[in-house]
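For reference, the structure is listed below as structure tokens.
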Amino acid sequence: MLFKRHPNGLDLPFPSEITPQEVYTGRRQFIARMAATAAVGSGMWEMANRDAFAQAAPAQKLAARANVALSTDEKQTPFKDAAGYNNFYEFGLDKGDPAENAHTLRTRPWTVRIEGEVNKPLTLDIDSLLKLAPLEERIYRLRCVEGWSMVIPWVGYSLSNLLKQVEPTGNAKFVEFTTLADRKQMPGLRSGVLDWPYVEGLRIDEAMHPLTMLTMGMYGQVLPNQNGAPVRLVVPWKYGFKSAKSIVRIRLVSRQPRTAWNDSAPREYGFYSNVNPNVDHPRWSQASERRIGETGLFQPKRKTLMFNGYDQVASLYTGMDLKRYY
């Protein structure tokens, strides 16, 4: 077997790099779709959809070095669940819609513009982003505001590697992320559920934290379209909607940016959106969660951890009322 080498000379250390892995996409049967909708967060989704996807060609592999220090040792969510159960409203409102519809997304050519309160604005294509810093695989928990969670091995590097390249000015207090909004590629834009394009934001110290990840892959391969290809954000201590997908612009700004969900439903989606079991969503509790991919009709819920278990970010919020700044 031939082993590829990373441009920086890294060997491929992961079984996922040398073991073929199925990418599950395709049209689902109606009954499976309905069962999945009824079973949101219940652990039943995998059983309802196990045979509902068609196998596709393997995706391009990405060489990355394991960052054990920043990784959880929890059992990983099966790839077919992580790639088939998504919130990506640009491709539909149901959890299976992105896997079904995102084949229309064209991920090359692709550029990301970094601008605003910076000394050296840049426009980089996806290949330049891949080479900007050594790629790492980090196994992060991801907690959705709807009450379900996953454990996913992401491939990328700390966002700070990119932000340092553009040299933020002293006026840069926040970072705004704008995602692609193309009606020709994204059928979900017709829904009008949000004011497109999708925009998210972080405080500058949150964006510069080592855990905040600019991500180009998962499970040792390039991101599937439905998971935010070709480049997305992963902020593991915040609810999943903060991790913007298919990013086309990053802008450093002096004032807190307006964000898509905070504009749409401010009582339900605060700007910070840290995982906090003590602050309920107006329509449901956040004290517990279901782990997608765990089988069994009566699989018990897990207790939700403050900051999703990433205690190393707690110092970012010293003195803040996290019930007010939810």
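Residue numbers start at 1 in each chain; chains themselves are named A, B, ... in the order of the structure tokens; ligands are numbered from 1 in the order shown.
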
*All strand (DSSP E) positions in stretch 67-294 of chain A, as JSON, numbers by chain*: {"A": [111, 112, 113, 114, 115, 116, 122, 123, 124, 125, 136, 137, 138, 139, 140, 141, 142, 143, 148, 149, 150, 151, 152, 153, 154, 155, 156, 157, 158, 174, 175, 176, 177, 178, 179, 199, 200, 201, 202, 203, 213, 214, 215, 216, 217, 218, 221, 222, 232, 233, 234, 247, 248, 249, 250, 251, 252, 253, 288, 289, 290, 291]}

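Excluding A:Tyr198 itself and any same-chain residue fewer than 5 positions from it, the protein and nucleic acid residues within 8 Å of it, counting only C-alpha atoms, are Thr178, Thr179, Leu180, Ala181, Ala244, Thr259 and Ala260 of chain A.
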
Write a file of the selected residues as an mmCIF file, in the first residue's frame, keeping C-alpha atoms.
```
data_model
loop_
_atom_site.group_PDB
_atom_site.id
_atom_site.type_symbol
_atom_site.label_atom_id
_atom_site.label_comp_id
_atom_site.auth_asym_id
_atom_site.auth_seq_id
_atom_site.Cartn_x
_atom_site.Cartn_y
_atom_site.Cartn_z
ATOM 1 C CA THR A 178 -20.376 35.247 6.087
ATOM 2 C CA THR A 179 -21.354 32.077 4.259
ATOM 3 C CA LEU A 180 -22.241 31.359 0.648
ATOM 4 C CA ALA A 181 -25.776 32.256 -0.456
ATOM 5 C CA ALA A 244 -20.615 28.697 10.295
ATOM 6 C CA THR A 259 -26.004 37.342 13.234
ATOM 7 C CA ALA A 260 -28.604 35.304 11.380
#
```

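When atom CA of A:Arg203 is paired with atom CA of A:Asn225, their separation reads 27.2 Å.
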
*Looking only at the backbone, which of the residues in stretch 121-259 of chain A does DSSP tag as alpha helix (DSSP H), as an NGL selection string?*
:A and (126-131 or 160-166 or 204-208)

Using only all heavy atoms, please write the residues we just selected to a file, as a tab-separated table (two decimals), in the first residue's frame.
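Writing the result to result.tsv gives the following:
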```tsv
chain	number	residue	atom	x	y	z
A	126	ILE	N	-8.99	27.72	-1.54
A	126	ILE	CA	-9.06	26.62	-0.60
A	126	ILE	C	-7.73	25.90	-0.48
A	126	ILE	O	-7.35	25.43	0.60
A	126	ILE	CB	-10.21	25.64	-0.97
A	126	ILE	CG1	-10.38	24.57	0.11
A	126	ILE	CG2	-9.99	25.05	-2.34
A	126	ILE	CD1	-10.74	25.12	1.48
A	127	ASP	N	-6.96	25.81	-1.57
A	127	ASP	CA	-5.67	25.15	-1.50
A	127	ASP	C	-4.69	25.93	-0.63
A	127	ASP	O	-3.90	25.35	0.12
A	127	ASP	CB	-5.09	24.94	-2.90
A	127	ASP	CG	-5.90	23.94	-3.71
A	127	ASP	OD1	-6.21	22.86	-3.15
A	127	ASP	OD2	-6.23	24.22	-4.86
A	128	SER	N	-4.75	27.25	-0.71
A	128	SER	CA	-3.89	28.08	0.14
A	128	SER	C	-4.28	27.93	1.60
A	128	SER	O	-3.41	27.90	2.49
A	128	SER	CB	-3.99	29.54	-0.28
A	128	SER	OG	-3.52	29.72	-1.61
A	129	LEU	N	-5.57	27.83	1.88
A	129	LEU	CA	-6.01	27.62	3.25
A	129	LEU	C	-5.53	26.28	3.79
A	129	LEU	O	-5.13	26.17	4.95
A	129	LEU	CB	-7.53	27.70	3.33
A	129	LEU	CG	-8.13	29.10	3.19
A	129	LEU	CD1	-9.65	29.01	3.04
A	129	LEU	CD2	-7.78	29.97	4.39
A	130	LEU	N	-5.55	25.26	2.95
A	130	LEU	CA	-5.10	23.94	3.38
A	130	LEU	C	-3.61	23.93	3.73
A	130	LEU	O	-3.17	23.15	4.57
A	130	LEU	CB	-5.38	22.91	2.29
A	130	LEU	CG	-6.82	22.43	2.17
A	130	LEU	CD1	-7.05	21.71	0.85
A	130	LEU	CD2	-7.20	21.53	3.34
A	131	LYS	N	-2.84	24.82	3.10
A	131	LYS	CA	-1.39	24.85	3.31
A	131	LYS	C	-0.95	25.91	4.31
A	131	LYS	O	0.24	26.02	4.60
A	131	LYS	CB	-0.69	25.09	1.97
A	131	LYS	CG	-0.92	24.00	0.94
A	131	LYS	CD	-0.31	24.38	-0.40
A	131	LYS	CE	-0.59	23.32	-1.46
A	131	LYS	NZ	-0.04	23.73	-2.78
A	160	SER	N	-6.78	31.05	14.75
A	160	SER	CA	-5.79	32.08	15.05
A	160	SER	C	-4.63	32.08	14.05
A	160	SER	O	-4.02	33.12	13.80
A	160	SER	CB	-5.25	31.91	16.48
A	160	SER	OG	-4.65	30.64	16.64
A	161	ASN	N	-4.30	30.91	13.48
A	161	ASN	CA	-3.24	30.85	12.47
A	161	ASN	C	-3.55	31.75	11.29
A	161	ASN	O	-2.66	32.40	10.74
A	161	ASN	CB	-3.06	29.41	11.99
A	161	ASN	CG	-2.40	28.52	13.00
A	161	ASN	OD1	-1.23	28.69	13.33
A	161	ASN	ND2	-3.15	27.58	13.53
A	162	LEU	N	-4.82	31.79	10.89
A	162	LEU	CA	-5.23	32.64	9.77
A	162	LEU	C	-5.32	34.10	10.20
A	162	LEU	O	-4.84	35.00	9.49
A	162	LEU	CB	-6.57	32.17	9.23
A	162	LEU	CG	-7.21	33.03	8.14
A	162	LEU	CD1	-6.29	33.13	6.92
A	162	LEU	CD2	-8.58	32.48	7.75
A	163	LEU	N	-5.92	34.35	11.36
A	163	LEU	CA	-6.12	35.73	11.79
A	163	LEU	C	-4.80	36.46	12.02
A	163	LEU	O	-4.69	37.66	11.75
A	163	LEU	CB	-6.99	35.76	13.05
A	163	LEU	CG	-8.41	35.21	12.89
A	163	LEU	CD1	-9.19	35.37	14.19
A	163	LEU	CD2	-9.14	35.88	11.72
A	164	LYS	N	-3.81	35.75	12.49
A	164	LYS	CA	-2.50	36.39	12.70
A	164	LYS	C	-1.88	36.83	11.39
A	164	LYS	O	-1.12	37.81	11.34
A	164	LYS	CB	-1.57	35.42	13.43
A	164	LYS	CG	-1.94	35.20	14.89
A	164	LYS	CD	-1.06	34.13	15.52
A	164	LYS	CE	-1.47	33.86	16.97
A	164	LYS	NZ	-0.66	32.76	17.58
A	165	GLN	N	-2.20	36.14	10.30
A	165	GLN	CA	-1.64	36.49	9.00
A	165	GLN	C	-2.10	37.87	8.53
A	165	GLN	O	-1.37	38.57	7.82
A	165	GLN	CB	-2.05	35.44	7.96
A	165	GLN	CG	-1.46	34.07	8.17
A	165	GLN	CD	0.03	34.02	7.87
A	165	GLN	OE1	0.49	34.62	6.91
A	165	GLN	NE2	0.76	33.30	8.70
A	166	VAL	N	-3.33	38.26	8.91
A	166	VAL	CA	-3.86	39.54	8.43
A	166	VAL	C	-3.59	40.69	9.40
A	166	VAL	O	-3.94	41.83	9.11
A	166	VAL	CB	-5.38	39.43	8.15
A	166	VAL	CG1	-5.64	38.42	7.04
A	166	VAL	CG2	-6.16	39.06	9.41
A	204	ILE	N	-13.32	38.65	19.54
A	204	ILE	CA	-11.98	38.40	19.02
A	204	ILE	C	-11.21	37.41	19.89
A	204	ILE	O	-10.49	36.56	19.37
A	204	ILE	CB	-11.19	39.72	18.86
A	204	ILE	CG1	-9.84	39.48	18.17
A	204	ILE	CG2	-11.02	40.42	20.19
A	204	ILE	CD1	-9.93	39.12	16.73
A	205	ASP	N	-11.39	37.48	21.22
A	205	ASP	CA	-10.65	36.53	22.07
A	205	ASP	C	-11.20	35.11	21.91
A	205	ASP	O	-10.45	34.13	22.03
A	205	ASP	CB	-10.66	36.96	23.53
A	205	ASP	CG	-12.05	37.18	24.11
A	205	ASP	OD1	-13.03	37.25	23.34
A	205	ASP	OD2	-12.17	37.29	25.34
A	206	GLU	N	-12.49	34.96	21.62
A	206	GLU	CA	-13.05	33.64	21.33
A	206	GLU	C	-12.47	33.10	20.02
A	206	GLU	O	-12.12	31.93	19.92
A	206	GLU	CB	-14.57	33.72	21.23
A	206	GLU	CG	-15.27	34.12	22.51
A	206	GLU	CD	-16.77	34.30	22.31
A	206	GLU	OE1	-17.18	34.85	21.27
A	206	GLU	OE2	-17.53	33.87	23.20
A	207	ALA	N	-12.41	33.99	19.02
A	207	ALA	CA	-11.89	33.57	17.72
A	207	ALA	C	-10.42	33.17	17.79
A	207	ALA	O	-9.98	32.27	17.06
A	207	ALA	CB	-12.09	34.69	16.70
A	208	MET	N	-9.66	33.82	18.67
A	208	MET	CA	-8.24	33.54	18.78
A	208	MET	C	-7.93	32.38	19.72
A	208	MET	O	-6.78	31.95	19.80
A	208	MET	CB	-7.51	34.80	19.27
A	208	MET	CG	-7.57	35.97	18.29
A	208	MET	SD	-6.69	35.68	16.73
A	208	MET	CE	-5.00	35.79	17.28
```

_Gap from atom CA of A:Pro236 to atom CA of A:Arg143 - Å, one decimal_ = 7.6 Å

With a distance cut-off of 8 Å and only C-alpha atoms, select the neighbouring residues of A:Arg251, excluding the residue or stretch itself and same-chain residues fewer than 4 positions from it, and output the selection as a tab-separated table (two decimals) with all heavy atoms, in the first residue's frame.
```
chain	number	residue	atom	x	y	z
A	113	ARG	N	-12.34	35.71	1.60
A	113	ARG	CA	-11.78	37.05	1.78
A	113	ARG	C	-11.72	37.37	3.26
A	113	ARG	O	-12.71	37.21	3.98
A	113	ARG	CB	-12.66	38.08	1.06
A	113	ARG	CG	-12.24	39.55	1.24
A	113	ARG	CD	-10.96	39.85	0.53
A	113	ARG	NE	-10.61	41.29	0.64
A	113	ARG	CZ	-9.44	41.78	0.28
A	113	ARG	NH1	-8.52	40.99	-0.24
A	113	ARG	NH2	-9.20	43.07	0.40
A	114	ILE	N	-10.54	37.80	3.75
A	114	ILE	CA	-10.36	38.21	5.14
A	114	ILE	C	-10.04	39.69	5.13
A	114	ILE	O	-9.02	40.12	4.55
A	114	ILE	CB	-9.24	37.40	5.83
A	114	ILE	CG1	-9.47	35.90	5.67
A	114	ILE	CG2	-9.19	37.75	7.31
A	114	ILE	CD1	-8.70	35.28	4.52
A	115	GLU	N	-10.89	40.50	5.76
A	115	GLU	CA	-10.80	41.95	5.61
A	115	GLU	C	-11.31	42.65	6.86
A	115	GLU	O	-11.57	42.02	7.89
A	115	GLU	CB	-11.62	42.39	4.39
A	115	GLU	CG	-13.10	42.04	4.49
A	115	GLU	CD	-13.86	42.33	3.22
A	115	GLU	OE1	-13.23	42.62	2.19
A	115	GLU	OE2	-15.11	42.27	3.26
A	116	GLY	N	-11.47	43.96	6.76
A	116	GLY	CA	-11.99	44.76	7.87
A	116	GLY	C	-10.88	45.42	8.64
A	116	GLY	O	-9.96	46.01	8.05
A	117	GLU	N	-10.94	45.31	9.96
A	117	GLU	CA	-9.95	45.94	10.83
A	117	GLU	C	-8.67	45.11	10.87
A	117	GLU	O	-8.31	44.49	11.87
A	117	GLU	CB	-10.53	46.11	12.23
A	117	GLU	CG	-11.69	47.09	12.31
A	117	GLU	CD	-11.24	48.54	12.13
A	117	GLU	OE1	-10.02	48.80	12.14
A	117	GLU	OE2	-12.11	49.41	12.00
A	175	VAL	N	-15.23	39.15	15.26
A	175	VAL	CA	-14.99	38.54	13.95
A	175	VAL	C	-16.33	38.07	13.39
A	175	VAL	O	-17.06	37.34	14.04
A	175	VAL	CB	-14.01	37.36	14.04
A	175	VAL	CG1	-13.70	36.82	12.64
A	175	VAL	CG2	-12.72	37.77	14.74
A	176	GLU	N	-16.63	38.50	12.18
A	176	GLU	CA	-17.89	38.18	11.50
A	176	GLU	C	-17.60	37.18	10.37
A	176	GLU	O	-16.65	37.36	9.60
A	176	GLU	CB	-18.49	39.45	10.93
A	176	GLU	CG	-19.76	39.25	10.11
A	176	GLU	CD	-20.14	40.51	9.38
A	176	GLU	OE1	-19.57	40.77	8.28
A	176	GLU	OE2	-20.98	41.27	9.90
A	177	PHE	N	-18.44	36.15	10.28
A	177	PHE	CA	-18.28	35.11	9.27
A	177	PHE	C	-19.52	35.12	8.36
A	177	PHE	O	-20.65	35.01	8.84
A	177	PHE	CB	-18.15	33.74	9.92
A	177	PHE	CG	-17.03	33.65	10.92
A	177	PHE	CD1	-17.24	33.99	12.26
A	177	PHE	CD2	-15.75	33.27	10.53
A	177	PHE	CE1	-16.22	33.93	13.18
A	177	PHE	CE2	-14.71	33.21	11.45
A	177	PHE	CZ	-14.95	33.54	12.79
```

_For A:Tyr219, the nearest of the candidates A:Leu132, A:Arg258, A:Pro300, A:Trp154, counting only C-alpha atoms_ = A:Trp154

*Which residue out of A:Ala229, A:Arg249, A:Val222, A:Leu202 has the minimum interatomic distance to A:Asn274 when only C-alpha atoms are used?*
A:Leu202

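Using only C-alpha atoms, the residues found no farther than 7 Å from A:Gln185, other than those of its own chain fewer than 3 positions away, are Thr104, Leu105 and Asp182 of chain A.
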
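Atom pair atom CA of A:Asn171 / atom CA of A:Ser254: separated by 5.3 Å.
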
*Pick out the residues sitting within 7 Å of A:Tyr157, and hand them over as an MDAnalysis selection string; count only C-alpha atoms, and ignore anything fewer than 3 positions along from it in its own chain.*
chainID A and resid 133 135:136 213:215

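Distances here use only C-alpha atoms; by that measure, the residue among A:Pro266, A:Gly156, A:Pro230, A:Pro257 closest to A:Thr212 is A:Gly156.
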